[in-house]
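Engineer: File follows, model-v3.json with JSON, C-alpha atoms:
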```json
[["chain", "number", "residue", "atom", "x", "y", "z"],
["A", 3, "MET", "CA", 45.89, -6.43, -24.89],
["A", 4, "LYS", "CA", 42.36, -6.70, -26.20],
["A", 5, "TYR", "CA", 39.64, -4.10, -26.27],
["A", 6, "ASN", "CA", 37.42, -6.09, -23.88],
["A", 7, "ASP", "CA", 40.32, -6.49, -21.40],
["A", 8, "LEU", "CA", 40.64, -2.73, -20.85],
["A", 9, "VAL", "CA", 39.88, -1.55, -17.32],
["A", 10, "VAL", "CA", 37.69, 1.49, -17.70],
["A", 11, "GLU", "CA", 37.47, 3.91, -14.79],
["A", 12, "LYS", "CA", 35.65, 7.20, -14.64],
["A", 13, "ASN", "CA", 37.72, 10.26, -15.42],
["A", 14, "THR", "CA", 35.80, 12.72, -13.23],
["A", 15, "ARG", "CA", 36.64, 13.50, -9.64],
["A", 16, "PRO", "CA", 33.82, 13.81, -7.10],
["A", 17, "ALA", "CA", 32.40, 17.33, -6.83],
["A", 18, "ARG", "CA", 33.89, 19.32, -3.91],
["A", 19, "LYS", "CA", 30.87, 21.36, -2.90],
["A", 20, "GLY", "CA", 31.16, 24.48, -0.81],
["A", 21, "ARG", "CA", 34.84, 25.09, -1.58],
["A", 22, "GLY", "CA", 34.62, 28.60, -3.06],
["A", 23, "ILE", "CA", 33.08, 30.37, -6.03],
["A", 24, "SER", "CA", 35.69, 29.19, -8.54],
["A", 25, "ALA", "CA", 34.88, 25.53, -7.78],
["A", 26, "GLY", "CA", 31.44, 25.93, -9.40],
["A", 27, "GLN", "CA", 29.48, 24.69, -6.38],
["A", 28, "GLY", "CA", 30.61, 27.32, -3.92],
["A", 29, "LYS", "CA", 28.71, 29.44, -1.40],
["A", 30, "THR", "CA", 25.34, 27.65, -1.08],
["A", 31, "ALA", "CA", 26.70, 24.40, -2.60],
["A", 32, "GLY", "CA", 23.60, 23.77, -4.71],
["A", 33, "ARG", "CA", 21.19, 23.96, -1.77],
["A", 34, "GLY", "CA", 19.57, 27.26, -2.74],
["A", 35, "THR", "CA", 19.22, 29.96, -0.14],
["A", 36, "LYS", "CA", 17.96, 29.62, 3.41],
["A", 37, "GLY", "CA", 15.31, 27.26, 4.68],
["A", 38, "GLN", "CA", 15.31, 23.92, 6.43],
["A", 39, "LYS", "CA", 16.87, 21.96, 3.57],
["A", 40, "ALA", "CA", 19.71, 24.47, 3.21],
["A", 41, "ARG", "CA", 20.83, 23.89, 6.80],
["A", 42, "THR", "CA", 23.18, 21.28, 8.18],
["A", 43, "GLY", "CA", 21.47, 18.07, 9.23],
["A", 44, "HIS", "CA", 18.46, 18.43, 6.95],
["A", 45, "ARG", "CA", 18.62, 14.73, 6.06],
["A", 46, "LYS", "CA", 17.63, 13.82, 9.62],
["A", 47, "MET", "CA", 13.95, 14.63, 9.10],
["A", 48, "PRO", "CA", 11.65, 11.72, 9.99],
["A", 49, "ALA", "CA", 10.10, 9.72, 7.16],
["A", 50, "GLY", "CA", 6.96, 11.40, 5.90],
["A", 51, "PHE", "CA", 7.90, 14.80, 7.31],
["A", 52, "MET", "CA", 6.27, 17.55, 5.27],
["A", 53, "GLY", "CA", 7.81, 20.78, 6.53],
["A", 54, "GLY", "CA", 5.84, 21.24, 9.73],
["A", 55, "GLN", "CA", 2.36, 20.42, 8.46],
["A", 56, "ARG", "CA", 1.01, 17.02, 9.44],
["A", 57, "ALA", "CA", 2.94, 14.05, 8.08],
["A", 58, "ILE", "CA", 1.79, 12.11, 5.05],
["A", 59, "MET", "CA", 0.95, 9.06, 7.21],
["A", 60, "GLN", "CA", -1.45, 11.19, 9.24],
["A", 61, "ALA", "CA", -2.98, 12.84, 6.18],
["A", 62, "VAL", "CA", -3.84, 9.63, 4.30],
["A", 63, "PRO", "CA", -7.25, 8.16, 5.20],
["A", 64, "LYS", "CA", -7.24, 4.74, 6.81],
["A", 65, "LEU", "CA", -9.64, 1.85, 6.27],
["A", 66, "LYS", "CA", -11.51, 0.43, 9.23],
["A", 67, "GLY", "CA", -10.99, -3.17, 10.30],
["A", 68, "PHE", "CA", -8.07, -5.29, 9.15],
["A", 69, "LYS", "CA", -7.07, -7.46, 6.22],
["A", 70, "SER", "CA", -6.49, -11.12, 6.87],
["A", 71, "PHE", "CA", -3.44, -12.60, 5.19],
["A", 72, "HIS", "CA", -4.59, -16.20, 5.74],
["A", 73, "ALA", "CA", -5.42, -18.01, 2.52],
["A", 74, "LYS", "CA", -9.12, -18.76, 2.24],
["A", 75, "ALA", "CA", -10.21, -22.35, 1.69],
["A", 76, "GLU", "CA", -11.19, -23.30, -1.86],
["A", 77, "VAL", "CA", -14.79, -24.49, -2.08],
["A", 78, "VAL", "CA", -15.84, -27.72, -3.80],
["A", 79, "TYR", "CA", -19.52, -28.64, -4.01],
["A", 80, "THR", "CA", -20.75, -32.19, -3.46],
["A", 81, "ASP", "CA", -22.50, -32.42, -6.87],
["A", 82, "ARG", "CA", -19.08, -31.92, -8.54],
["A", 83, "LEU", "CA", -17.79, -35.08, -6.79],
["A", 84, "ASN", "CA", -20.16, -37.44, -8.67],
["A", 85, "ASP", "CA", -17.57, -38.05, -11.43],
["A", 86, "LEU", "CA", -14.95, -39.26, -8.92],
["A", 87, "LYS", "CA", -14.59, -42.77, -7.45],
["A", 88, "GLY", "CA", -12.71, -44.41, -4.59],
["A", 89, "LYS", "CA", -10.29, -42.38, -2.50],
["A", 90, "VAL", "CA", -10.54, -38.63, -3.13],
["A", 91, "ASP", "CA", -7.89, -36.28, -1.71],
["A", 92, "ASN", "CA", -6.38, -32.92, -2.63],
["A", 93, "PHE", "CA", -4.29, -34.42, -5.43],
["A", 94, "THR", "CA", -7.36, -36.07, -7.01],
["A", 95, "LEU", "CA", -9.31, -32.82, -6.80],
["A", 96, "ALA", "CA", -6.41, -30.89, -8.38],
["A", 97, "GLU", "CA", -6.05, -33.45, -11.21],
["A", 98, "ASN", "CA", -9.76, -33.03, -12.01],
["A", 99, "SER", "CA", -9.41, -29.20, -11.97],
["A", 100, "LEU", "CA", -11.76, -28.78, -9.00],
["A", 101, "ILE", "CA", -9.07, -26.87, -7.03],
["A", 102, "SER", "CA", -6.08, -24.81, -8.15],
["A", 103, "SER", "CA", -3.36, -26.72, -6.28],
["A", 104, "PRO", "CA", -3.10, -29.87, -4.17],
["A", 105, "PHE", "CA", -1.52, -27.70, -1.43],
["A", 106, "ALA", "CA", -4.58, -25.42, -1.08],
["A", 107, "LYS", "CA", -7.07, -25.63, 1.81],
["A", 108, "VAL", "CA", -10.26, -27.35, 0.66],
["A", 109, "LYS", "CA", -13.78, -27.16, 2.04],
["A", 110, "ILE", "CA", -16.55, -29.42, 0.78],
["A", 111, "ILE", "CA", -20.01, -27.84, 0.81],
["A", 112, "SER", "CA", -23.32, -29.58, 0.18],
["A", 113, "ARG", "CA", -25.13, -28.72, -3.06],
["A", 114, "GLY", "CA", -27.25, -30.89, -5.26],
["A", 115, "GLU", "CA", -27.24, -34.66, -4.88],
["A", 116, "LEU", "CA", -24.21, -36.89, -4.33],
["A", 117, "THR", "CA", -24.52, -40.42, -5.75],
["A", 118, "ALA", "CA", -20.86, -41.52, -5.93],
["A", 119, "LYS", "CA", -19.42, -43.66, -3.15],
["A", 120, "ILE", "CA", -16.18, -41.92, -2.21],
["A", 121, "GLU", "CA", -13.66, -41.91, 0.62],
["A", 122, "LEU", "CA", -13.02, -38.18, 1.01],
["A", 123, "GLU", "CA", -9.84, -36.90, 2.70],
["A", 124, "THR", "CA", -9.76, -33.09, 2.84],
["A", 125, "GLN", "CA", -9.24, -30.32, 5.37],
["A", 126, "PHE", "CA", -12.83, -29.16, 5.92],
["A", 127, "ALA", "CA", -16.41, -30.20, 5.14],
["A", 128, "SER", "CA", -19.77, -28.85, 6.21],
["A", 129, "LYS", "CA", -22.03, -31.03, 8.38],
["A", 130, "SER", "CA", -24.57, -31.38, 5.58],
["A", 131, "ALA", "CA", -21.80, -32.40, 3.14],
["A", 132, "ILE", "CA", -20.58, -35.11, 5.54],
["A", 133, "GLU", "CA", -24.14, -36.40, 5.87],
["A", 134, "ALA", "CA", -24.52, -36.49, 2.08],
["A", 135, "ILE", "CA", -21.24, -38.41, 1.70],
["A", 136, "LYS", "CA", -22.26, -40.96, 4.35],
["A", 137, "LYS", "CA", -25.75, -41.29, 2.83],
["A", 138, "ALA", "CA", -24.12, -42.18, -0.52],
["A", 139, "GLY", "CA", -22.11, -44.91, 1.26],
["A", 140, "GLY", "CA", -18.82, -43.05, 1.51],
["A", 141, "SER", "CA", -16.72, -41.69, 4.35],
["A", 142, "PHE", "CA", -15.03, -38.42, 5.33],
["A", 143, "LYS", "CA", -11.66, -38.08, 7.03],
["A", 144, "LYS", "CA", -10.21, -34.73, 8.09],
["A", 145, "VAL", "CA", -6.53, -34.37, 7.17],
["A", 146, "ALA", "CA", -3.93, -31.66, 7.76],
["A", 147, "ILE", "CA", -3.07, -29.08, 5.12],
["A", 148, "LEU", "CA", -0.45, -30.50, 2.78],
["A", 149, "GLN", "CA", 2.91, -28.73, 2.82],
["A", 150, "LYS", "CA", 5.21, -28.42, -0.18],
["A", 151, "ALA", "CA", 8.46, -30.33, 0.24],
["A", 152, "LYS", "CA", 11.39, -27.97, 0.78],
["A", 153, "LYS", "CA", 14.32, -28.38, -1.58],
["A", 154, "GLU", "CA", 17.65, -29.10, 0.09],
["A", 155, "ALA", "CA", 20.42, -26.65, -0.76]]
```
Could you quickly redo this structure as structure tokens?

Structural biologist:
Amino acid sequence: MKYNDLVVEKNTRPARKGRGISAGQGKTAGRGTKGQKARTGHRKMPAGFMGGQRAIMQAVPKLKGFKSFHAKAEVVYTDRLNDLKGKVDNFTLAENSLISSPFAKVKIISRGELTAKIELETQFASKSAIEAIKKAGGSFKKVAILQKAKKEA
């Protein structure tokens, strides 16, 4: 037998509460004296119950409105597209550090002057941005949001 093969089990028995004074946890069984928590069934209080005064959920102030959990589209301005050529999609924008990830929603917004002739394929673009792209000799095509490929288990 080796030291690491030993099966170690605890030597203490579970406490037998409320089994007489000599047992050490007799009479009130560690619950103090009287009151709601000393009684049987005290664990059945609803969550947030605070002893008869209003519950914690009612006492905490709430914010008006709601919080949207939809990811906002990342904005790319047309003057940042001048360095790009040919077909421009989410992967091209991510490679050039214009967006954080190729799987993010992208919206192109008009700012400055666009001189590059590009074929843009993103999720959104403002009307003025589309006009600027067409004026520079390019084209815009709306595509669906790219989804990450799921790994097979």

Engineer: Give the answer as one residue: which of A:Ser70, A:Asn98, A:Thr80, A:Ser130 has the shortest atom-to-atom distance to A:Arg113, using all atoms listed in the file?

Structural biologist: A:Thr80

Engineer: Taking into account only C-alpha atoms, which residue in the set A:Leu65, A:Ser141, A:Ala73, A:His44 is nearest to A:Lys89?

Structural biologist: A:Ser141

Engineer: Please list, as number ranges by chain, the residues that have an atom at most 9 Å away from (-13.3, -42.0, -1.2) in the coordinates of this file, counting only C-alpha atoms.

Structural biologist: A: 86-91, 118-123, 140-142

Engineer: Keeping only C-alpha atoms, write the selected residues to a file as a PDB file, in the coordinates of the input.

Structural biologist:
```pdb
ATOM      1  CA  LEU A  86     -14.950 -39.260  -8.920  1.00  0.00           C
ATOM      2  CA  LYS A  87     -14.590 -42.770  -7.450  1.00  0.00           C
ATOM      3  CA  GLY A  88     -12.710 -44.410  -4.590  1.00  0.00           C
ATOM      4  CA  LYS A  89     -10.290 -42.380  -2.500  1.00  0.00           C
ATOM      5  CA  VAL A  90     -10.540 -38.630  -3.130  1.00  0.00           C
ATOM      6  CA  ASP A  91      -7.890 -36.280  -1.710  1.00  0.00           C
ATOM      7  CA  ALA A 118     -20.860 -41.520  -5.930  1.00  0.00           C
ATOM      8  CA  LYS A 119     -19.420 -43.660  -3.150  1.00  0.00           C
ATOM      9  CA  ILE A 120     -16.180 -41.920  -2.210  1.00  0.00           C
ATOM     10  CA  GLU A 121     -13.660 -41.910   0.620  1.00  0.00           C
ATOM     11  CA  LEU A 122     -13.020 -38.180   1.010  1.00  0.00           C
ATOM     12  CA  GLU A 123      -9.840 -36.900   2.700  1.00  0.00           C
ATOM     13  CA  GLY A 140     -18.820 -43.050   1.510  1.00  0.00           C
ATOM     14  CA  SER A 141     -16.720 -41.690   4.350  1.00  0.00           C
ATOM     15  CA  PHE A 142     -15.030 -38.420   5.330  1.00  0.00           C
TER      16      PHE A 142
END
```

Engineer: Per residue of stretch 47-152 of chain A within 12 Å of stretch 38-42 of chain A, note the shortest atom pair and the distance in Å to one decimal, counting all atoms listed in the file, and order the rows by chain and increasing residue number, as a tab-separated table.

Structural biologist:
```
residue	atom	partner	partner_atom	distance
A:Met47	CA	A:Lys39	CA	9.6
A:Phe51	CA	A:Gln38	CA	11.8
A:Met52	CA	A:Gln38	CA	11.1
A:Gly53	CA	A:Gln38	CA	8.1
A:Gly54	CA	A:Gln38	CA	10.4
```

Engineer: One decimal, Å: what's the distance from atom CA of A:Asp85 over to atom CA of A:Lys136, could you say?

Structural biologist: 16.7 Å
